[in-house]
There are 2 protein chains.
Amino acid sequence: MRIGYKEAAEFLKNCDNVYILTHQSPDGDCIGTGFALHDILGRMGKRSAVLCSDPFPKKFSYITDTDNVPDFEPDTVIAVDVADIKLLGRYEEIYGKRIDLCIDHHISNTGYAAKTLLGTESAAACEVLYRLICAMEEELSDYGAACIYTGLATDTGCFKYENTSAETHEIVSELMRSHKLNYARINREMFDIKTKGMLKMESAVIDVMEYYLDNRLTMVCITKEMLGRLGVDFNELDGCASLPLKVEGVEVGITIKEKSDGEYKISMRSTGDINVSAVCQTLGGGGHEKAAGCALTGNLRDVKKILVEAVGKAMP
Amino acid sequence: MRIGYKEAAEFLKNCDNVYILTHQSPDGDCIGTGFALHDILGRMGKRSAVLCSDPFPKKFSYITDTDNVPDFEPDTVIAVDVADIKLLGRYEEIYGKRIDLCIDHHISNTGYAAKTLLGTESAAACEVLYRLICAMEEELSDYGAACIYTGLATDTGCFKYENTSAETHEIVSELMRSHKLNYARINREMFDIKTKGMLKMESAVIDVMEYYLDNRLTMVCITKEMLGRLGVDFNELDGCASLPLKVEGVEVGITIKEKSDGEYKISMRSTGDINVSAVCQTLGGGGHEKAAGCALTGNLRDVKKILVEAVGKAMP
């Protein structure tokens, strides 16, 4: 059942012993929302803990290095930034059917929770939580402000993407006015710092970048041999997926990842008018208009040829 | 003479036939300020033109592709975002001694103009101009809003750096509320798009990155041979200067650029506590605490040794 801010505020005032679940492969938004909620519940005198199927990445330690021990049985289970119970990972089986409240901003939210506070106009789940905290007339701590800022900054690419709204900037303005907030340090951690491995990978990706269709399509293929040679694993590839799209004049960027011999995971991004979801659907995949994917098998040369043809057909 | 917003507003109301001068090597802030001022003056029924010693980079064409012809003699000369008349390039000689008004935010402004509106608390000259426009009770056009946004975004690294303030976010919030502003497209142009040459250069820079002092210092040397081999010129190196600083754990990043045989231009950046201005001063250079430079001559091996020693001494 969809609920509003007032009802969600009431719910939080009356709950206790709360497990807060984030999605697997946790990012700045679910971590920020989870720990800001944990902090606010603590300030309200309630016991809570944030749980995630995967470990929290080290770079979020300024948020996650806090008192967070699930040494109690939960009376209440809240999911944050989780669009679908499948994303709970190993917690799906245990808690998937007993989520009392979901706080989210994804339009694709499946409505799995008993009550859902869904702010689809919000850039991040952190933005929804911030509004909720205002509705509760609770006060954020400086730590809570850092959590909220982290979610807003990471989900908007540091206020770069289309999902950033006037309200997002307004909230950041309020956070900066009312709190000691080391945003420059947070942004450096989130957007600038790379490991040696990531840098080596970027360099390797640029070196193997291929151009097709009058430079309107770029393609990179990341093979297992490359990863092995550079000593990098798949998790360090995140930043590289957007590289093919950054070249001047490019309309579609494709990243091909070799899974096992003859199996390829394709991710396709569009900078403008070409609907890559439609392109991927012709290849058995799907996704969003500007970010979609599919899986192909065969030899690499054929896979590339299929992709170039499929994109070429979609180009005006 | 330093003046306030009210007096600057008065000045603009009473001027006409204005040359607006930006600094050489123009960036988003001086271009944004210059053309926003040009637009506002036009809306006030006054003739003006924006002049720059260097051509405006192509990526700013959404701002600079406008009616801007200096086919009149100036009665008034205004410099925007220009801290020192030296930065006027070839216009220094012609107009350096007759700047009527300077609109700037640099604390280092030398006070060369008859009247100076200096907002040192502002993240960008565009922020100063925005406040001035509010003081004049003039209304921005959507085009003017795009100009102001461009200056704010570029000077703050898309709201990432320490110079971003609560007021900066507030102004952006107002711009987004009141105008049709294609900020996602602007940010893509400013921060994401790279030329093939820049990408190749990045890859080459990563490949030659050297690590010293327990990985606390990274150094890259960009030789003329490298530039020649990749077909890239010095102007395309901008993004690369920050690469050495992006590696996890690095405290100082040095970029060495080969000017002519045996002459090297050194730029040094700090991520934290090490004052690179002091380090560069020991080598005959100077700058800011976190971004400084110097020039060294000799053979490359000696130059590197001198730099590693100088940085080593400054490390606690």
# chains A, B, ... in the order shown; residues from 1 in each chain; ligands from 1
call {"tool": "select_by_dssp", "arguments": {"residues": "stretch 17-101 of chain B", "states": "alpha helix (DSSP H)", "output": "ChimeraX atom specification"}}
result
/B:28-43,61-64,91-95
call {"tool": "interface_residues", "arguments": {"of": "chain A", "to": "chain B", "cutoff": "6 Å", "atoms": "only C-alpha atoms", "output": "PyMOL selection string"}}
result
chain A and resi 160-162+166+169-170+173+176-177+184+187+192-195+203+246-248
call {"tool": "residues_around", "arguments": {"residues": "stretch 286-297 of chain A", "least_positions_apart": "2", "cutoff": "12 Å", "atoms": "only C-alpha atoms", "output": "ChimeraX atom specification"}}
result
/A:108,241-242,245,251-284,299-307
call {"tool": "write_last_selection", "arguments": {"atoms": "N, CA and C atoms", "output": "CSV table (one decimal), in the first residue's frame"}}
result
chain,number,residue,atom,x,y,z
A,108,SER,N,10.0,1.8,-10.8
A,108,SER,CA,9.8,0.4,-11.0
A,108,SER,C,9.5,-0.4,-9.7
A,241,ALA,N,32.6,1.3,-17.8
A,241,ALA,CA,31.4,1.0,-18.6
A,241,ALA,C,31.0,2.3,-19.3
A,242,SER,N,31.3,3.5,-18.7
A,242,SER,CA,30.8,4.7,-19.3
A,242,SER,C,31.8,5.3,-20.2
A,245,LEU,N,31.1,6.0,-24.0
A,245,LEU,CA,30.1,7.0,-24.3
A,245,LEU,C,30.6,8.4,-24.2
A,251,GLU,N,27.1,8.3,-30.3
A,251,GLU,CA,25.7,8.3,-29.9
A,251,GLU,C,25.4,7.0,-29.1
A,252,VAL,N,26.1,5.9,-29.5
A,252,VAL,CA,25.9,4.7,-28.7
A,252,VAL,C,27.3,4.1,-28.3
A,253,GLY,N,27.3,3.7,-27.1
A,253,GLY,CA,28.6,3.1,-26.5
A,253,GLY,C,28.2,1.7,-26.1
A,254,ILE,N,29.0,0.7,-26.5
A,254,ILE,CA,28.8,-0.7,-26.1
A,254,ILE,C,30.0,-1.2,-25.3
A,255,THR,N,29.7,-1.9,-24.2
A,255,THR,CA,30.8,-2.6,-23.5
A,255,THR,C,30.4,-4.1,-23.5
A,256,ILE,N,31.3,-4.9,-24.0
A,256,ILE,CA,31.2,-6.3,-24.1
A,256,ILE,C,32.0,-6.9,-23.0
A,257,LYS,N,31.4,-7.7,-22.1
A,257,LYS,CA,32.2,-8.4,-21.1
A,257,LYS,C,32.2,-9.9,-21.3
A,258,GLU,N,33.4,-10.5,-21.4
A,258,GLU,CA,33.5,-11.9,-21.6
A,258,GLU,C,33.2,-12.6,-20.3
A,259,LYS,N,32.1,-13.4,-20.3
A,259,LYS,CA,31.8,-14.2,-19.0
A,259,LYS,C,32.6,-15.5,-19.0
A,260,SER,N,32.2,-16.4,-19.9
A,260,SER,CA,33.0,-17.6,-20.0
A,260,SER,C,33.2,-17.8,-21.5
A,261,ASP,N,33.9,-18.8,-21.9
A,261,ASP,CA,34.2,-18.9,-23.4
A,261,ASP,C,32.9,-18.9,-24.2
A,262,GLY,N,32.9,-17.9,-25.1
A,262,GLY,CA,31.7,-17.8,-26.0
A,262,GLY,C,30.5,-17.2,-25.4
A,263,GLU,N,30.6,-16.7,-24.2
A,263,GLU,CA,29.4,-16.1,-23.6
A,263,GLU,C,29.7,-14.6,-23.3
A,264,TYR,N,28.9,-13.7,-23.8
A,264,TYR,CA,29.2,-12.3,-23.6
A,264,TYR,C,28.0,-11.5,-23.0
A,265,LYS,N,28.4,-10.7,-22.0
A,265,LYS,CA,27.3,-9.8,-21.4
A,265,LYS,C,27.5,-8.4,-22.1
A,266,ILE,N,26.4,-7.9,-22.7
A,266,ILE,CA,26.5,-6.7,-23.4
A,266,ILE,C,25.8,-5.6,-22.7
A,267,SER,N,26.5,-4.4,-22.5
A,267,SER,CA,25.7,-3.3,-22.0
A,267,SER,C,25.8,-2.2,-23.0
A,268,MET,N,24.7,-1.5,-23.2
A,268,MET,CA,24.6,-0.6,-24.3
A,268,MET,C,24.0,0.7,-23.8
A,269,ARG,N,24.7,1.8,-24.0
A,269,ARG,CA,24.2,3.1,-23.5
A,269,ARG,C,24.0,4.1,-24.7
A,270,SER,N,23.1,5.0,-24.6
A,270,SER,CA,22.8,6.0,-25.6
A,270,SER,C,23.0,7.4,-25.0
A,271,THR,N,23.6,8.3,-25.8
A,271,THR,CA,23.7,9.7,-25.4
A,271,THR,C,22.5,10.5,-25.8
A,272,GLY,N,21.7,10.0,-26.7
A,272,GLY,CA,20.7,10.9,-27.2
A,272,GLY,C,19.5,10.2,-27.7
A,273,ASP,N,19.2,10.2,-29.0
A,273,ASP,CA,17.9,9.8,-29.5
A,273,ASP,C,17.7,8.3,-29.8
A,274,ILE,N,18.8,7.6,-29.8
A,274,ILE,CA,18.7,6.2,-30.1
A,274,ILE,C,18.3,5.4,-28.9
A,275,ASN,N,17.1,4.7,-29.1
A,275,ASN,CA,16.6,3.9,-28.0
A,275,ASN,C,17.3,2.5,-27.9
A,276,VAL,N,18.2,2.4,-27.0
A,276,VAL,CA,19.0,1.2,-26.9
A,276,VAL,C,18.2,0.0,-26.3
A,277,SER,N,17.1,0.4,-25.6
A,277,SER,CA,16.3,-0.7,-25.0
A,277,SER,C,15.6,-1.4,-26.2
A,278,ALA,N,15.2,-0.7,-27.2
A,278,ALA,CA,14.6,-1.3,-28.4
A,278,ALA,C,15.6,-2.1,-29.1
A,279,VAL,N,16.8,-1.6,-29.3
A,279,VAL,CA,17.9,-2.4,-29.9
A,279,VAL,C,18.1,-3.7,-29.2
A,280,CYS,N,18.3,-3.6,-27.9
A,280,CYS,CA,18.6,-4.8,-27.1
A,280,CYS,C,17.4,-5.8,-27.1
A,281,GLN,N,16.2,-5.3,-27.2
A,281,GLN,CA,15.0,-6.2,-27.3
A,281,GLN,C,15.1,-7.1,-28.6
A,282,THR,N,15.6,-6.5,-29.7
A,282,THR,CA,15.8,-7.3,-30.9
A,282,THR,C,16.8,-8.4,-30.7
A,283,LEU,N,17.6,-8.3,-29.7
A,283,LEU,CA,18.7,-9.3,-29.4
A,283,LEU,C,18.3,-10.1,-28.2
A,284,GLY,N,17.1,-10.0,-27.7
A,284,GLY,CA,16.6,-10.8,-26.6
A,284,GLY,C,16.9,-10.2,-25.2
A,299,ASN,N,31.2,-16.6,-31.4
A,299,ASN,CA,32.6,-16.0,-31.4
A,299,ASN,C,32.6,-14.5,-31.4
A,300,LEU,N,33.6,-13.9,-30.9
A,300,LEU,CA,33.6,-12.5,-30.7
A,300,LEU,C,33.4,-11.7,-31.9
A,301,ARG,N,33.9,-12.2,-33.0
A,301,ARG,CA,33.8,-11.4,-34.3
A,301,ARG,C,32.3,-11.4,-34.7
A,302,ASP,N,31.6,-12.5,-34.6
A,302,ASP,CA,30.2,-12.5,-35.0
A,302,ASP,C,29.4,-11.7,-34.0
A,303,VAL,N,29.7,-11.7,-32.7
A,303,VAL,CA,29.0,-10.9,-31.7
A,303,VAL,C,29.1,-9.4,-32.1
A,304,LYS,N,30.3,-9.0,-32.4
A,304,LYS,CA,30.5,-7.6,-32.8
A,304,LYS,C,29.7,-7.2,-34.0
A,305,LYS,N,29.7,-8.1,-35.0
A,305,LYS,CA,29.0,-7.9,-36.2
A,305,LYS,C,27.5,-7.7,-36.0
A,306,ILE,N,27.0,-8.6,-35.2
A,306,ILE,CA,25.5,-8.6,-34.8
A,306,ILE,C,25.2,-7.2,-34.2
A,307,LEU,N,26.1,-6.8,-33.3
A,307,LEU,CA,25.8,-5.6,-32.5
A,307,LEU,C,25.9,-4.3,-33.4
call {"tool": "residues_around", "arguments": {"residues": "B:Gly111", "least_positions_apart": "5", "cutoff": "9 Å", "atoms": "only C-alpha atoms", "output": "list of chain:residue names"}}
result
B:Met1, B:Arg2, B:Ala83, B:Asp84, B:Cys102, B:Thr116
call {"tool": "write_last_selection", "arguments": {"atoms": "C-alpha atoms", "output": "PDB file, in the first residue's frame"}}
result
ATOM      1  CA  MET B   1      38.178  51.277  -5.813  1.00  0.00           C
ATOM      2  CA  ARG B   2      36.059  48.478  -4.360  1.00  0.00           C
ATOM      3  CA  ALA B  83      42.269  38.910 -11.652  1.00  0.00           C
ATOM      4  CA  ASP B  84      45.144  40.764 -13.328  1.00  0.00           C
ATOM      5  CA  CYS B 102      35.801  44.737 -13.025  1.00  0.00           C
ATOM      6  CA  THR B 116      35.882  46.686  -8.749  1.00  0.00           C
TER       7      THR B 116
END
call {"tool": "select_by_dssp", "arguments": {"residues": "stretch 65-287 of chain B", "states": "strand (DSSP E or B)", "output": "JSON, numbers by chain"}}
result
{"B": [76, 77, 78, 79, 80, 101, 102, 103, 104, 115, 116, 117, 118, 194, 210, 211, 212, 217, 218, 219, 220, 221, 222, 247, 252, 253, 254, 255, 256, 257, 258, 263, 264, 265, 266, 267, 268, 269, 270, 286, 287]}
call {"tool": "write_last_selection", "arguments": {"atoms": "C-alpha atoms", "output": "CSV table (one decimal), in the first residue's frame"}}
result
chain,number,residue,atom,x,y,z
B,76,THR,CA,32.8,51.6,-21.4
B,77,VAL,CA,35.2,48.7,-20.8
B,78,ILE,CA,34.3,46.0,-18.3
B,79,ALA,CA,36.5,43.0,-17.3
B,80,VAL,CA,34.9,39.9,-16.0
B,101,LEU,CA,34.5,48.2,-14.0
B,102,CYS,CA,35.8,44.7,-13.0
B,103,ILE,CA,33.4,42.0,-11.9
B,104,ASP,CA,35.4,39.2,-10.2
B,115,LYS,CA,35.8,50.3,-9.9
B,116,THR,CA,35.9,46.7,-8.7
B,117,LEU,CA,32.9,44.5,-7.7
B,118,LEU,CA,34.8,41.7,-5.9
B,194,LYS,CA,36.4,13.9,-24.5
B,210,GLU,CA,55.4,6.6,-11.7
B,211,TYR,CA,55.0,6.0,-8.0
B,212,TYR,CA,57.4,7.3,-5.3
B,217,LEU,CA,53.7,10.7,-4.6
B,218,THR,CA,52.8,10.1,-8.3
B,219,MET,CA,54.5,11.7,-11.2
B,220,VAL,CA,53.9,11.7,-14.9
B,221,CYS,CA,56.1,13.2,-17.5
B,222,ILE,CA,54.6,14.4,-20.8
B,247,VAL,CA,45.2,7.5,-7.2
B,252,VAL,CA,51.0,14.8,-4.0
B,253,GLY,CA,50.7,14.5,-7.8
B,254,ILE,CA,53.2,16.0,-10.1
B,255,THR,CA,52.9,16.6,-13.8
B,256,ILE,CA,56.0,17.4,-15.7
B,257,LYS,CA,55.6,18.9,-19.2
B,258,GLU,CA,58.5,19.1,-21.5
B,263,GLU,CA,63.2,22.8,-20.0
B,264,TYR,CA,60.4,21.5,-17.9
B,265,LYS,CA,57.2,23.0,-16.6
B,266,ILE,CA,56.2,21.4,-13.3
B,267,SER,CA,52.7,21.5,-11.8
B,268,MET,CA,52.2,20.1,-8.3
B,269,ARG,CA,48.9,19.3,-6.6
B,270,SER,CA,48.2,18.3,-3.1
B,286,GLY,CA,55.0,29.3,-6.1
B,287,GLY,CA,51.3,29.2,-6.1
call {"tool": "residues_around", "arguments": {"residues": "B:Asp71", "least_positions_apart": "5", "cutoff": "10 Å", "atoms": "only C-alpha atoms", "output": "ChimeraX atom specification"}}
result
/B:47-49
